[in-house]
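Listing of final_15.txt, compact mmCIF, C-alpha atoms
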# COMPACT_ATOMS: atom_id res chain seq x y z
CA MET A 34 39.07 0.35 14.06
CA GLU A 35 41.29 3.16 15.31
CA ASN A 36 42.09 4.17 11.72
CA LEU A 37 38.46 4.51 10.63
CA PRO A 38 37.60 8.09 9.65
CA ILE A 39 35.07 9.65 12.00
CA GLU A 40 32.65 10.15 9.09
CA VAL A 41 32.68 6.39 8.37
CA ILE A 42 31.91 5.66 12.03
CA GLY A 43 29.02 8.11 11.79
CA ASN A 44 27.68 6.20 8.78
CA ILE A 45 27.96 2.92 10.70
CA LEU A 46 26.00 4.36 13.62
CA SER A 47 23.44 5.82 11.21
CA ARG A 48 22.80 2.36 9.76
CA LEU A 49 22.00 1.08 13.26
CA LYS A 50 19.23 3.73 13.52
CA ALA A 51 17.70 2.30 16.75
CA ALA A 52 18.50 4.80 19.52
CA ARG A 53 19.38 2.10 22.06
CA ASP A 54 21.93 0.49 19.71
CA VAL A 55 23.40 3.86 18.75
CA VAL A 56 23.90 4.87 22.38
CA ILE A 57 25.55 1.55 23.28
CA ALA A 58 27.84 1.64 20.24
CA SER A 59 28.83 5.26 20.88
CA LEU A 60 30.17 4.26 24.30
CA THR A 61 32.96 2.29 22.60
CA CYS A 62 35.42 5.18 22.90
CA LYS A 63 35.77 8.94 22.68
CA LYS A 64 36.07 8.83 18.88
CA TRP A 65 32.78 6.93 18.53
CA ARG A 66 31.09 9.38 20.91
CA GLU A 67 32.31 12.24 18.76
CA ALA A 68 31.06 10.47 15.61
CA SER A 69 27.66 10.02 17.24
CA ARG A 70 27.52 13.70 18.07
CA ARG A 71 28.74 15.15 14.78
CA HIS A 72 27.97 12.57 12.07
CA LEU A 73 24.91 10.60 13.17
CA HIS A 74 22.21 11.02 10.51
CA ASN A 75 19.48 8.50 11.43
CA LEU A 76 17.82 7.98 14.81
CA SER A 77 14.81 5.85 15.68
CA PHE A 78 12.79 5.48 18.89
CA ASN A 79 10.45 2.59 18.12
CA SER A 80 8.63 0.63 20.80
CA SER A 81 8.53 -2.45 18.54
CA GLU A 82 12.34 -2.53 18.47
CA TRP A 83 12.96 -2.43 22.24
CA HIS A 84 10.39 -3.76 24.73
CA VAL A 85 11.76 -1.64 27.60
CA TYR A 86 10.05 1.41 26.08
CA HIS A 87 6.74 -0.14 27.13
CA ASP A 88 7.79 -0.09 30.79
CA LEU A 89 8.79 3.57 30.92
CA THR A 90 6.55 6.42 31.96
CA THR A 91 5.72 9.06 29.38
CA SER A 92 7.78 11.70 31.17
CA ARG A 93 10.78 9.35 31.30
CA LEU A 94 10.43 8.68 27.58
CA GLU A 95 10.38 12.40 26.87
CA ILE A 96 13.60 12.90 28.87
CA ILE A 97 15.40 10.02 27.12
CA ILE A 98 14.38 11.21 23.65
CA THR A 99 15.34 14.81 24.47
CA GLN A 100 18.76 13.89 25.84
CA THR A 101 19.57 11.63 22.90
CA ILE A 102 18.47 14.09 20.21
CA PHE A 103 20.28 17.01 21.85
CA GLN A 104 23.55 15.04 21.77
CA THR A 105 23.49 15.06 17.96
CA MET A 106 24.29 17.87 15.54
CA GLY A 107 23.14 16.81 12.07
CA LEU A 108 20.14 14.46 12.23
CA GLN A 109 18.60 13.86 8.82
CA SER A 110 16.05 11.17 9.74
CA LEU A 111 14.06 10.97 12.99
CA THR A 112 11.51 8.27 13.84
CA ILE A 113 9.39 8.33 17.01
CA PHE A 114 6.89 5.45 17.10
CA MET A 115 5.54 4.73 20.58
CA ASP A 116 2.44 2.56 20.41
CA ASP A 117 1.81 2.54 24.17
CA ALA A 118 2.47 6.21 24.89
CA GLU A 119 -0.90 7.90 25.14
CA GLU A 120 0.42 11.41 24.61
CA PHE A 121 3.52 13.59 24.87
CA ALA A 122 3.63 17.09 26.29
CA ALA A 123 3.83 19.79 23.66
CA ALA A 124 7.00 21.46 25.00
CA PRO A 125 9.49 18.60 24.40
CA VAL A 126 7.99 17.79 20.99
CA ILE A 127 8.40 21.40 19.89
CA ALA A 128 11.97 21.35 21.23
CA TRP A 129 12.82 18.23 19.16
CA LEU A 130 11.40 19.77 16.01
CA MET A 131 13.06 23.15 16.48
CA TYR A 132 16.43 21.56 17.29
CA THR A 133 16.46 19.42 14.12
CA ARG A 134 14.65 21.71 11.70
CA GLU A 135 17.77 22.90 9.83
CA THR A 136 19.00 19.40 8.93
CA LEU A 137 16.01 17.00 9.09
CA ARG A 138 14.97 15.36 5.81
CA GLN A 139 12.72 12.58 7.12
CA LEU A 140 10.29 12.71 10.05
CA HIS A 141 8.12 9.79 11.20
CA TYR A 142 6.01 10.61 14.25
CA ASN A 143 2.92 8.86 15.68
CA VAL A 144 2.29 10.11 19.24
CA ARG A 145 -0.48 12.53 20.26
CA THR A 146 0.60 15.77 21.88
CA VAL A 147 -1.21 17.78 24.54
CA PRO A 148 -1.96 20.47 23.71
CA ASN A 149 -1.86 19.67 20.01
CA VAL A 150 1.29 20.69 18.15
CA ASN A 151 0.87 21.66 14.52
CA ILE A 152 3.81 19.61 13.25
CA ILE A 153 3.98 21.19 9.81
CA GLU A 154 4.33 24.58 11.44
CA LYS A 155 7.30 23.61 13.60
CA CYS A 156 9.35 21.24 11.48
CA GLY A 157 11.99 22.47 9.07
CA ARG A 158 10.14 22.77 5.79
CA GLN A 159 13.01 23.66 3.46
CA ARG A 160 14.86 20.34 3.59
CA LEU A 161 12.11 17.89 4.56
CA GLU A 162 11.63 15.14 1.94
CA VAL A 163 9.55 12.55 3.83
CA LEU A 164 6.83 13.29 6.41
CA ALA A 165 4.77 10.55 8.07
CA LEU A 166 2.33 11.64 10.78
CA ALA A 167 -0.19 9.68 12.82
CA HIS A 168 -2.65 10.56 15.59
CA ASN A 169 -2.22 14.30 15.21
CA SER A 170 -4.15 17.31 13.98
CA ILE A 171 -3.21 19.70 11.19
CA THR A 172 -4.82 23.14 11.14
CA GLY A 173 -4.42 26.52 9.50
CA VAL A 174 -2.33 25.61 6.46
CA GLU A 175 -1.01 28.73 4.77
CA PRO A 176 0.63 27.77 1.44
CA SER A 177 1.76 31.34 0.90
CA TYR A 178 4.54 30.84 3.45
CA GLN A 179 4.32 27.21 4.63
CA LYS A 180 6.04 25.82 1.56
CA PHE A 181 7.56 22.33 1.42
CA PRO A 182 9.79 22.72 -1.66
CA SER A 183 11.57 19.37 -1.17
CA LEU A 184 8.79 17.13 0.19
CA LYS A 185 8.37 14.00 -1.95
CA SER A 186 6.42 11.67 0.36
CA LEU A 187 3.52 12.49 2.70
CA SER A 188 1.73 9.93 4.88
CA LEU A 189 -1.16 10.87 7.18
CA SER A 190 -2.69 8.17 9.40
CA TYR A 191 -5.55 8.85 11.84
CA VAL A 192 -4.89 12.55 11.33
CA SER A 193 -7.53 15.23 11.77
CA ILE A 194 -7.52 17.83 9.01
CA SER A 195 -10.09 19.87 7.12
CA ALA A 196 -10.70 19.26 3.42
CA LEU A 197 -9.51 22.80 2.71
CA ASP A 198 -6.28 22.39 4.69
CA LEU A 199 -5.57 19.05 2.99
CA SER A 200 -6.01 20.64 -0.42
CA LEU A 201 -3.80 23.59 0.56
CA LEU A 202 -1.16 21.25 1.95
CA LEU A 203 -0.88 19.45 -1.39
CA THR A 204 -0.60 22.82 -3.11
CA ALA A 205 2.31 23.69 -0.79
CA CYS A 206 4.23 20.56 -1.93
CA PRO A 207 5.22 21.14 -5.58
CA LYS A 208 7.46 18.03 -5.72
CA LEU A 209 5.17 15.60 -3.88
CA GLU A 210 5.23 12.15 -5.52
CA VAL A 211 3.82 9.80 -2.85
CA LEU A 212 0.64 10.39 -0.83
CA ALA A 213 -0.86 7.95 1.69
CA LEU A 214 -4.04 8.67 3.65
CA THR A 215 -5.12 6.07 6.22
CA ASN A 216 -8.36 6.55 8.11
CA PRO A 217 -8.11 10.35 8.19
CA GLU A 218 -10.70 12.50 9.90
CA ILE A 219 -11.39 15.00 7.14
CA ALA A 220 -13.74 17.81 8.14
CA MET A 221 -16.03 19.13 5.42
CA SER A 222 -17.90 22.43 5.49
CA ASP A 223 -21.69 22.35 5.42
CA ALA A 224 -21.65 23.43 1.79
CA GLN A 225 -19.22 20.70 0.73
CA THR A 226 -20.27 17.28 -0.52
CA THR A 227 -17.23 16.56 -2.67
CA LEU A 228 -13.59 16.07 -1.69
CA GLU A 229 -11.35 17.44 -4.42
CA LEU A 230 -7.58 16.97 -4.35
CA SER A 231 -5.17 18.12 -7.01
CA SER A 232 -1.45 17.70 -7.60
CA VAL A 233 0.67 18.05 -10.73
CA SER A 234 3.50 15.91 -9.34
CA LEU A 235 1.80 12.93 -7.62
CA LYS A 236 2.85 9.51 -8.92
CA ASP A 237 1.73 7.12 -6.17
CA VAL A 238 -1.36 7.35 -3.94
CA TYR A 239 -2.75 5.04 -1.27
CA PHE A 240 -6.15 5.70 0.30
CA GLU A 241 -7.45 3.52 3.14
CA ALA A 242 -10.66 3.76 5.18
CA ILE A 243 -11.95 6.89 3.46
CA SER A 244 -15.69 7.60 3.19
CA PHE A 245 -17.20 10.32 1.00
CA ASP A 246 -20.13 10.87 -1.30
CA LYS A 247 -17.85 12.06 -4.07
CA PHE A 248 -14.06 12.06 -4.34
CA ILE A 249 -12.29 13.70 -7.28
CA LEU A 250 -8.54 13.24 -7.63
CA GLU A 251 -6.74 15.29 -10.26
CA ALA A 252 -3.23 14.02 -10.78
CA ASP A 253 -1.74 14.35 -14.26
CA CYS A 254 1.31 12.16 -13.60
CA LEU A 255 -0.28 9.44 -11.45
CA GLU A 256 1.20 5.95 -11.98
CA ASN A 257 -0.03 3.94 -8.97
CA LEU A 258 -3.52 4.08 -7.42
CA HIS A 259 -4.46 1.88 -4.44
CA LEU A 260 -7.87 2.07 -2.76
CA LYS A 261 -8.48 -0.06 0.35
CA ASP A 262 -11.48 -0.37 2.69
CA CYS A 263 -13.06 2.78 1.25
CA THR A 264 -16.76 3.63 1.00
CA LEU A 265 -17.51 6.03 -1.84
CA GLU A 266 -20.49 6.78 -3.99
CA ILE A 267 -18.37 8.32 -6.73
CA PHE A 268 -14.62 8.16 -7.30
CA GLU A 269 -13.27 10.07 -10.27
CA LEU A 270 -9.67 10.17 -11.43
CA VAL A 271 -8.59 12.97 -13.75
CA SER A 272 -5.19 12.24 -15.27
CA LYS A 273 -3.28 12.18 -18.54
CA GLY A 274 -3.10 8.43 -19.09
CA THR A 275 0.02 7.72 -17.01
CA LEU A 276 -1.65 5.19 -14.68
CA LYS A 277 0.26 1.89 -14.58
CA VAL A 278 -0.97 0.12 -11.43
CA LEU A 279 -4.56 -0.06 -10.18
CA LYS A 280 -5.35 -1.86 -6.91
CA ILE A 281 -8.83 -2.01 -5.38
CA ASP A 282 -9.18 -3.93 -2.11
CA ASP A 283 -12.51 -4.28 -0.26
CA VAL A 284 -13.96 -1.06 -1.62
CA SER A 285 -17.59 -0.05 -1.93
CA VAL A 286 -18.09 2.41 -4.79
CA ILE A 287 -21.17 2.96 -6.92
CA HIS A 288 -19.47 4.84 -9.75
CA LEU A 289 -15.78 4.38 -10.55
CA ASP A 290 -14.39 6.60 -13.28
CA LEU A 291 -10.75 6.36 -14.33
CA GLY A 292 -11.30 8.31 -17.51
CA GLU A 293 -10.53 7.11 -21.01
CA ASN A 294 -6.76 7.14 -20.62
CA THR A 295 -5.97 3.67 -19.26
CA GLU A 296 -3.85 2.41 -22.14
CA ASN A 297 -0.69 2.36 -20.01
CA LEU A 298 -2.08 0.10 -17.27
CA GLU A 299 0.28 -2.80 -16.50
CA VAL A 300 -1.27 -4.16 -13.29
CA VAL A 301 -4.94 -4.45 -12.32
CA ASP A 302 -5.54 -6.04 -8.90
CA VAL A 303 -9.14 -6.14 -7.67
CA CYS A 304 -10.09 -7.93 -4.45
CA SER A 305 -13.37 -8.23 -2.50
CA PHE A 306 -15.17 -5.85 -4.79
CA THR A 307 -18.57 -5.82 -6.48
CA VAL A 308 -17.89 -5.45 -10.19
CA MET A 309 -20.15 -4.33 -13.01
CA TRP A 310 -17.97 -6.34 -15.38
CA PRO A 311 -19.05 -4.84 -18.75
CA LYS A 312 -18.43 -1.32 -17.47
CA PHE A 313 -15.20 -2.23 -15.67
CA TYR A 314 -13.94 -4.16 -18.68
CA HIS A 315 -14.72 -1.24 -20.97
CA MET A 316 -12.67 0.97 -18.66
CA ILE A 317 -9.55 -1.24 -18.91
CA SER A 318 -10.10 -2.80 -22.34
CA LYS A 319 -7.57 -0.52 -24.03
CA SER A 320 -4.82 -1.61 -21.64
CA SER A 321 -2.85 -3.61 -24.21
CA LYS A 322 0.27 -3.37 -21.98
CA LEU A 323 -1.43 -5.20 -19.10
CA ARG A 324 0.90 -7.80 -17.57
CA ARG A 325 -0.96 -8.76 -14.39
CA LEU A 326 -4.70 -9.18 -13.93
CA ARG A 327 -6.14 -10.25 -10.58
CA LEU A 328 -9.88 -10.50 -9.89
CA TRP A 329 -10.06 -12.15 -6.48
CA GLY A 330 -13.15 -12.70 -4.39
CA VAL A 331 -15.07 -10.38 -6.67
CA VAL A 332 -18.86 -10.36 -6.88
CA PHE A 333 -20.49 -9.57 -10.20
CA ASP A 334 -23.34 -7.10 -10.11
CA ASP A 335 -25.22 -9.36 -12.53
CA GLU A 336 -24.94 -13.06 -11.68
CA ASP A 337 -24.85 -13.94 -15.40
CA GLU A 338 -21.83 -11.75 -16.07
CA VAL A 339 -18.68 -13.64 -16.97
CA VAL A 340 -14.96 -13.06 -17.48
CA ASP A 341 -14.28 -14.93 -20.69
CA MET A 342 -10.85 -16.05 -21.80
CA GLU A 343 -11.39 -14.99 -25.40
CA THR A 344 -11.78 -11.36 -24.35
CA ILE A 345 -8.78 -11.54 -22.01
CA SER A 346 -6.50 -13.13 -24.60
CA VAL A 347 -7.42 -10.68 -27.37
CA CYS A 348 -7.33 -7.45 -25.32
CA PHE A 349 -4.37 -8.25 -23.07
CA PRO A 350 -1.80 -10.01 -25.28
CA ARG A 351 1.12 -9.24 -22.92
CA LEU A 352 -0.54 -10.80 -19.87
CA THR A 353 1.92 -12.96 -17.88
CA HIS A 354 0.15 -13.36 -14.52
CA LEU A 355 -3.56 -14.16 -14.25
CA SER A 356 -5.42 -14.65 -10.94
CA LEU A 357 -9.16 -15.37 -10.78
CA SER A 358 -11.51 -16.32 -7.96
CA TYR A 359 -15.27 -15.85 -8.00
CA ASP A 360 -18.50 -17.86 -7.81
CA LEU A 361 -18.79 -20.29 -10.71
CA LYS A 362 -22.01 -21.42 -12.30
CA ASP A 363 -22.70 -23.66 -15.30
CA VAL A 364 -23.53 -20.74 -17.56
CA VAL A 365 -20.44 -18.85 -16.37
CA LEU A 366 -18.23 -21.85 -17.08
CA HIS A 367 -19.71 -22.44 -20.55
CA CYS A 368 -19.46 -18.81 -21.64
CA GLY A 369 -16.10 -18.19 -20.02
CA LEU A 370 -14.37 -21.03 -21.86
CA GLN A 371 -15.70 -20.18 -25.30
CA GLY A 372 -13.38 -19.14 -28.11
CA SER A 373 -10.11 -20.47 -29.45
CA SER A 374 -7.53 -17.79 -28.61
CA HIS A 375 -4.68 -18.76 -26.31
CA LEU A 376 -3.10 -16.89 -23.44
CA GLU A 377 0.33 -17.27 -25.00
CA ASN A 378 2.35 -15.28 -22.46
CA VAL A 379 0.70 -16.37 -19.22
CA VAL A 380 3.33 -18.15 -17.13
CA VAL A 381 1.69 -17.91 -13.68
CA LEU A 382 -1.97 -18.86 -13.18
CA GLU A 383 -3.78 -18.59 -9.82
CA LEU A 384 -7.30 -19.96 -9.48
CA GLY A 385 -9.44 -19.98 -6.35
CA TRP A 386 -12.76 -21.44 -5.34
CA THR A 387 -15.43 -20.45 -2.89
CA VAL A 388 -17.18 -23.82 -3.23
CA ILE A 389 -15.33 -26.79 -4.64
CA ASN A 390 -17.30 -28.80 -7.22
CA ASP A 391 -17.09 -30.34 -10.69
CA ILE A 392 -17.46 -26.93 -12.31
CA PHE A 393 -14.22 -25.74 -10.71
CA SER A 394 -12.39 -28.83 -11.97
CA GLU A 395 -13.55 -28.14 -15.54
CA TRP A 396 -12.55 -24.50 -15.13
CA VAL A 397 -8.99 -25.47 -14.18
CA ALA A 398 -8.75 -27.86 -17.13
CA GLY A 399 -10.04 -25.21 -19.53
CA PHE A 400 -7.40 -22.69 -18.45
CA LEU A 401 -4.60 -25.24 -18.72
CA GLU A 402 -5.56 -25.93 -22.32
CA ARG A 403 -5.49 -22.24 -23.17
CA CYS A 404 -2.14 -21.43 -21.49
CA PRO A 405 0.44 -23.32 -23.59
CA ASN A 406 3.47 -21.69 -21.96
CA LEU A 407 2.32 -21.93 -18.36
CA LYS A 408 5.06 -22.56 -15.81
CA LYS A 409 3.22 -22.37 -12.49
CA LEU A 410 -0.33 -23.13 -11.33
CA VAL A 411 -1.51 -22.24 -7.82
CA ILE A 412 -4.91 -23.41 -6.60
CA TYR A 413 -6.47 -21.65 -3.61
CA GLY A 414 -9.36 -22.99 -1.59
CA VAL A 415 -11.20 -22.84 1.69
CA VAL A 416 -11.53 -26.06 3.67
CA SER A 417 -13.69 -26.01 6.79
CA GLU A 418 -12.37 -27.65 9.95
CA ALA A 419 -15.60 -29.57 10.51
CA LYS A 420 -15.97 -31.43 7.22
CA THR A 421 -18.83 -33.78 6.41
CA HIS A 422 -18.16 -37.10 4.73
CA GLU A 423 -19.54 -35.66 1.49
CA GLU A 424 -17.15 -32.69 1.64
CA CYS A 425 -14.22 -35.01 2.25
CA GLN A 426 -15.22 -37.11 -0.74
CA ILE A 427 -15.55 -34.05 -3.00
CA LEU A 428 -12.07 -32.87 -1.97
CA ALA A 429 -10.65 -36.36 -2.56
CA ASP A 430 -12.27 -36.58 -6.00
CA PHE A 431 -10.92 -33.13 -6.90
CA THR A 432 -7.41 -34.10 -5.81
CA SER A 433 -7.54 -37.29 -7.86
CA TYR A 434 -8.80 -35.36 -10.89
CA ILE A 435 -5.98 -32.81 -10.61
CA VAL A 436 -3.37 -35.59 -10.30
CA ARG A 437 -4.63 -37.20 -13.50
CA LEU A 438 -4.93 -33.86 -15.26
CA MET A 439 -1.41 -32.71 -14.44
CA ARG A 440 0.09 -35.82 -16.06
CA LYS A 441 -0.60 -33.99 -19.32
CA TYR A 442 1.25 -30.92 -18.07
CA MET A 443 4.42 -32.27 -16.49
CA HIS A 444 6.25 -29.02 -17.25
CA VAL A 445 3.89 -27.04 -14.99
CA GLU A 446 4.71 -26.58 -11.31
CA ILE A 447 1.55 -26.90 -9.21
CA SER A 448 0.92 -25.94 -5.60
CA PHE A 449 -2.13 -25.74 -3.33
CA GLU A 450 -2.94 -23.06 -0.75
CA TYR A 451 -5.82 -23.97 1.58
CA GLU A 452 -7.31 -21.87 4.36
In structure tokens, how does this file's structure come out?
Amino acid sequence: MENLPIEVIGNILSRLKAARDVVIASLTCKKWREASRRHLHNLSFNSSEWHVYHDLTTSRLEIIITQTIFQTMGLQSLTIFMDDAEEFAAAPVIAWLMYTRETLRQLHYNVRTVPNVNIIEKCGRQRLEVLALAHNSITGVEPSYQKFPSLKSLSLSYVSISALDLSLLLTACPKLEVLALTNPEIAMSDAQTTLELSSVSLKDVYFEAISFDKFILEADCLENLHLKDCTLEIFELVSKGTLKVLKIDDVSVIHLDLGENTENLEVVDVCSFTVMWPKFYHMISKSSKLRRLRLWGVVFDDEDEVVDMETISVCFPRLTHLSLSYDLKDVVLHCGLQGSSHLENVVVLELGWTVINDIFSEWVAGFLERCPNLKKLVIYGVVSEAKTHEECQILADFTSYIVRLMRKYMHVEISFEYE
């Protein structure tokens, strides 16, 4: 250990990250203390990593964080996640940001400050590549001088910001590739009814708990779009056909418009969503590169609408993973199993029920016939704790049916997931 270069020791300490572990390790000897001071790059104060943080007063926490940060000289990544701390005083927070602004590349911070500190004003903007803020306010963005030339990832959770400032902030980040907004408080002017965001560099966006009448996202290079727990009347994506992954989870939207350029989609994952299937299918029908399709817990706007295997097999010839779960009816079963085309490349099939009955059993059998190269079948279901005798019998009959059925498909691995 004595022969280790001081830079290597610094890298070892940086991999520890957790401030408590770094401090303990740096006490090993004078050389390790020097490595901690000169070559420590990553430092994390996270209440989930050390329970003692929960027992400290806010002022004591501020002192510990200040002393630890000020003993370093080249921090590149700083994380301060304190779930129990109600708020920090503005002075120490500003001191941390000013001290590290010349070297910091990643900042993760989730504690309120009193009075509010405009983080983007104080942190070093030239080098910063990753910024994750929570429970703070952002005001007065001036892209003319508040440039973030290196920022690639921006995450705002429970952050208060105006629609104008959010738009200006994106403009100030010419290399931004990843944007995550979780339950933001976005202030709109009286004249505004539409949130419009634009970025020429965005590739991955995640929006959670966002509510607007109309939301327009213009992102020419977007590859991944994930909407979760959002309430929107209109969501419109303007792009140049680069979208590869679309995830929609528990979203209420009246009009969803992804444009005509969806031919590069590889993954479509829709969960707990009311679907106008003809319109949604038309939107993704040109996605001949689709590899994964998941429609889980979806509700069709018209109860007679159906996802038929013939359409899936013809339009998505590269499909390898197929997951379906929705209410089944006789007419849905009959129409859905029509046709003769096979899902040649599907190797993983996931099927789920809301109510177990004979229709579901026929549905499973129909898919097995049409997936000649299937390797794995997973059946999901909900089983109530208080089951009647009739429910127990239905489940027993279904199990017996599946056992008999799978004798024809010995090459397929089958598993059951019950809630």
Test item: residues at most 8 Å from Thr227 (chain A), all atoms listed in the file, excluding those fewer than 4 positions along its chain, as a VMD selection string: chain A and resid 245 to 249
Gap from CA of Ser177 (chain A) to CA of Pro148 (chain A) - Å, one decimal: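 Rounded to one decimal, the two atoms are 25.5 Å apart.
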For the atom pair CA of Gly157 (chain A) and CA of Thr136 (chain A), what is the interatomic distance in Å to one decimal place?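 Interatomic distance here is 7.7 Å.
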Nearest candidate to Ser186 (chain A) (options A:Lys277, A:Lys155, A:Lys408, A:Lys208; using all atoms listed in the file):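 Looking only at the distances to Ser186 (chain A), the closest residue turns out to be A:Lys208.
CA of Ile127 (chain A) lies 25.3 Å from CA of Leu49 (chain A).
Proximity of A:Ser170, A:Thr421, A:Ser195, A:Asn378 to Glu154 (chain A), computed with only C-alpha atoms, is greatest for A:Ser170.
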Go through region 176-231 of chain A residue by residue and, counting all atoms listed in the file, keep those with an atom at most 12 Å from region 253-266 of chain A; for each kept residue give the shortest atom pair and its distance in Å to one decimal, ordered by chain and increasing number, as JSON lines.
{"residue": "A:Lys208", "atom": "CA", "partner": "A:Cys254", "partner_atom": "CA", "distance": 11.6}
{"residue": "A:Leu209", "atom": "CA", "partner": "A:Cys254", "partner_atom": "CA", "distance": 11.0}
{"residue": "A:Glu210", "atom": "CA", "partner": "A:Leu255", "partner_atom": "CA", "distance": 8.5}
{"residue": "A:Val211", "atom": "CA", "partner": "A:Asn257", "partner_atom": "CA", "distance": 9.3}
{"residue": "A:Leu212", "atom": "CA", "partner": "A:Leu258", "partner_atom": "CA", "distance": 10.0}
{"residue": "A:Ala213", "atom": "CA", "partner": "A:His259", "partner_atom": "CA", "distance": 9.3}
{"residue": "A:Leu214", "atom": "CA", "partner": "A:Leu260", "partner_atom": "CA", "distance": 10.0}
{"residue": "A:Thr215", "atom": "CA", "partner": "A:Lys261", "partner_atom": "CA", "distance": 9.1}
{"residue": "A:Asn216", "atom": "CA", "partner": "A:Cys263", "partner_atom": "CA", "distance": 9.1}
{"residue": "A:Pro217", "atom": "CA", "partner": "A:Cys263", "partner_atom": "CA", "distance": 11.4}
{"residue": "A:Thr226", "atom": "CA", "partner": "A:Glu266", "partner_atom": "CA", "distance": 11.1}
{"residue": "A:Thr227", "atom": "CA", "partner": "A:Glu266", "partner_atom": "CA", "distance": 10.4}
{"residue": "A:Leu228", "atom": "CA", "partner": "A:Leu265", "partner_atom": "CA", "distance": 10.8}
{"residue": "A:Leu230", "atom": "CA", "partner": "A:Asp253", "partner_atom": "CA", "distance": 11.8}
{"residue": "A:Ser231", "atom": "CA", "partner": "A:Asp253", "partner_atom": "CA", "distance": 8.9}
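Remark: for Cys304 (chain A), the closest of the candidate residues A:Glu383, A:Asp360, A:Asp198, A:Asp282 is A:Asp282 (distances computed over only C-alpha atoms).
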Cut-off 12 Å: closest region 297-361 of chain A/region 394-406 of chain A atom pairs per residue, using only C-alpha atoms, as CSV:
residue,atom,partner,partner_atom,distance
A:Val340,CA,A:Trp396,CA,11.9
A:Asp341,CA,A:Phe400,CA,10.6
A:Met342,CA,A:Phe400,CA,8.2
A:Glu343,CA,A:Arg403,CA,9.6
A:Ile345,CA,A:Arg403,CA,11.3
A:Ser346,CA,A:Arg403,CA,9.3
A:Leu352,CA,A:Cys404,CA,10.9
A:Thr353,CA,A:Asn406,CA,9.8
A:His354,CA,A:Cys404,CA,10.9
A:Leu355,CA,A:Phe400,CA,10.3
A:Ser356,CA,A:Phe400,CA,11.2
A:Leu357,CA,A:Val397,CA,10.7
A:Ser358,CA,A:Trp396,CA,10.9
A:Tyr359,CA,A:Trp396,CA,11.5
A:Asp360,CA,A:Trp396,CA,11.5
A:Leu361,CA,A:Trp396,CA,8.7
Would you mind listing what lies within 10 Å of Leu291 (chain A) as a PyMOL selection string, with all atoms listed in the file counted and same-chain residues fewer than 5 positions away left out? chain A and resi 250+268-272+274+276+279+313+316-317
Restricting it to C-alpha atoms, dump the selection as a PDB file, in the coordinates of the input.
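The new file out.pdb reads:
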ATOM      1  CA  LEU A 250      -8.540  13.240  -7.630  1.00  0.00           C
ATOM      2  CA  PHE A 268     -14.620   8.160  -7.300  1.00  0.00           C
ATOM      3  CA  GLU A 269     -13.270  10.070 -10.270  1.00  0.00           C
ATOM      4  CA  LEU A 270      -9.670  10.170 -11.430  1.00  0.00           C
ATOM      5  CA  VAL A 271      -8.590  12.970 -13.750  1.00  0.00           C
ATOM      6  CA  SER A 272      -5.190  12.240 -15.270  1.00  0.00           C
ATOM      7  CA  GLY A 274      -3.100   8.430 -19.090  1.00  0.00           C
ATOM      8  CA  LEU A 276      -1.650   5.190 -14.680  1.00  0.00           C
ATOM      9  CA  LEU A 279      -4.560  -0.060 -10.180  1.00  0.00           C
ATOM     10  CA  PHE A 313     -15.200  -2.230 -15.670  1.00  0.00           C
ATOM     11  CA  MET A 316     -12.670   0.970 -18.660  1.00  0.00           C
ATOM     12  CA  ILE A 317      -9.550  -1.240 -18.910  1.00  0.00           C
TER      13      ILE A 317
END
May I ask which of the residues A:Ala205, A:Lys280, A:Tyr86, A:Ala220 is the closest one to Phe240 (chain A), counting only C-alpha atoms?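 Comparing A:Ala205, A:Lys280, A:Tyr86, A:Ala220 against Phe240 (chain A), the winner is A:Lys280.
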Option closest in space to His444 (chain A), from A:Arg158, A:Lys409, A:His422, A:His72 [counting all atoms listed in the file]: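 Nearest candidate to His444 (chain A) out of A:Arg158, A:Lys409, A:His422, A:His72: A:Lys409.
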Of the residues A:Asp283, A:Glu418, A:Glu120, A:Glu423, which is the one nearest to Glu452 (chain A), using only C-alpha atoms? A:Glu418
What's the 12 Å shell around Met115 (chain A), counting all atoms listed in the file, without same-chain residues fewer than 4 positions away, as a PyMOL selection string? chain A and resi 77-91+94-95+98+119-121+141-145+167-168
Extract, using only C-alpha atoms, all DNA, RNA and protein residues at most 9 Å from Asn169 (chain A), discarding same-chain residues fewer than 4 positions from it, and format them as a PyMOL selection string. chain A and resi 143-146+149-152+189-194
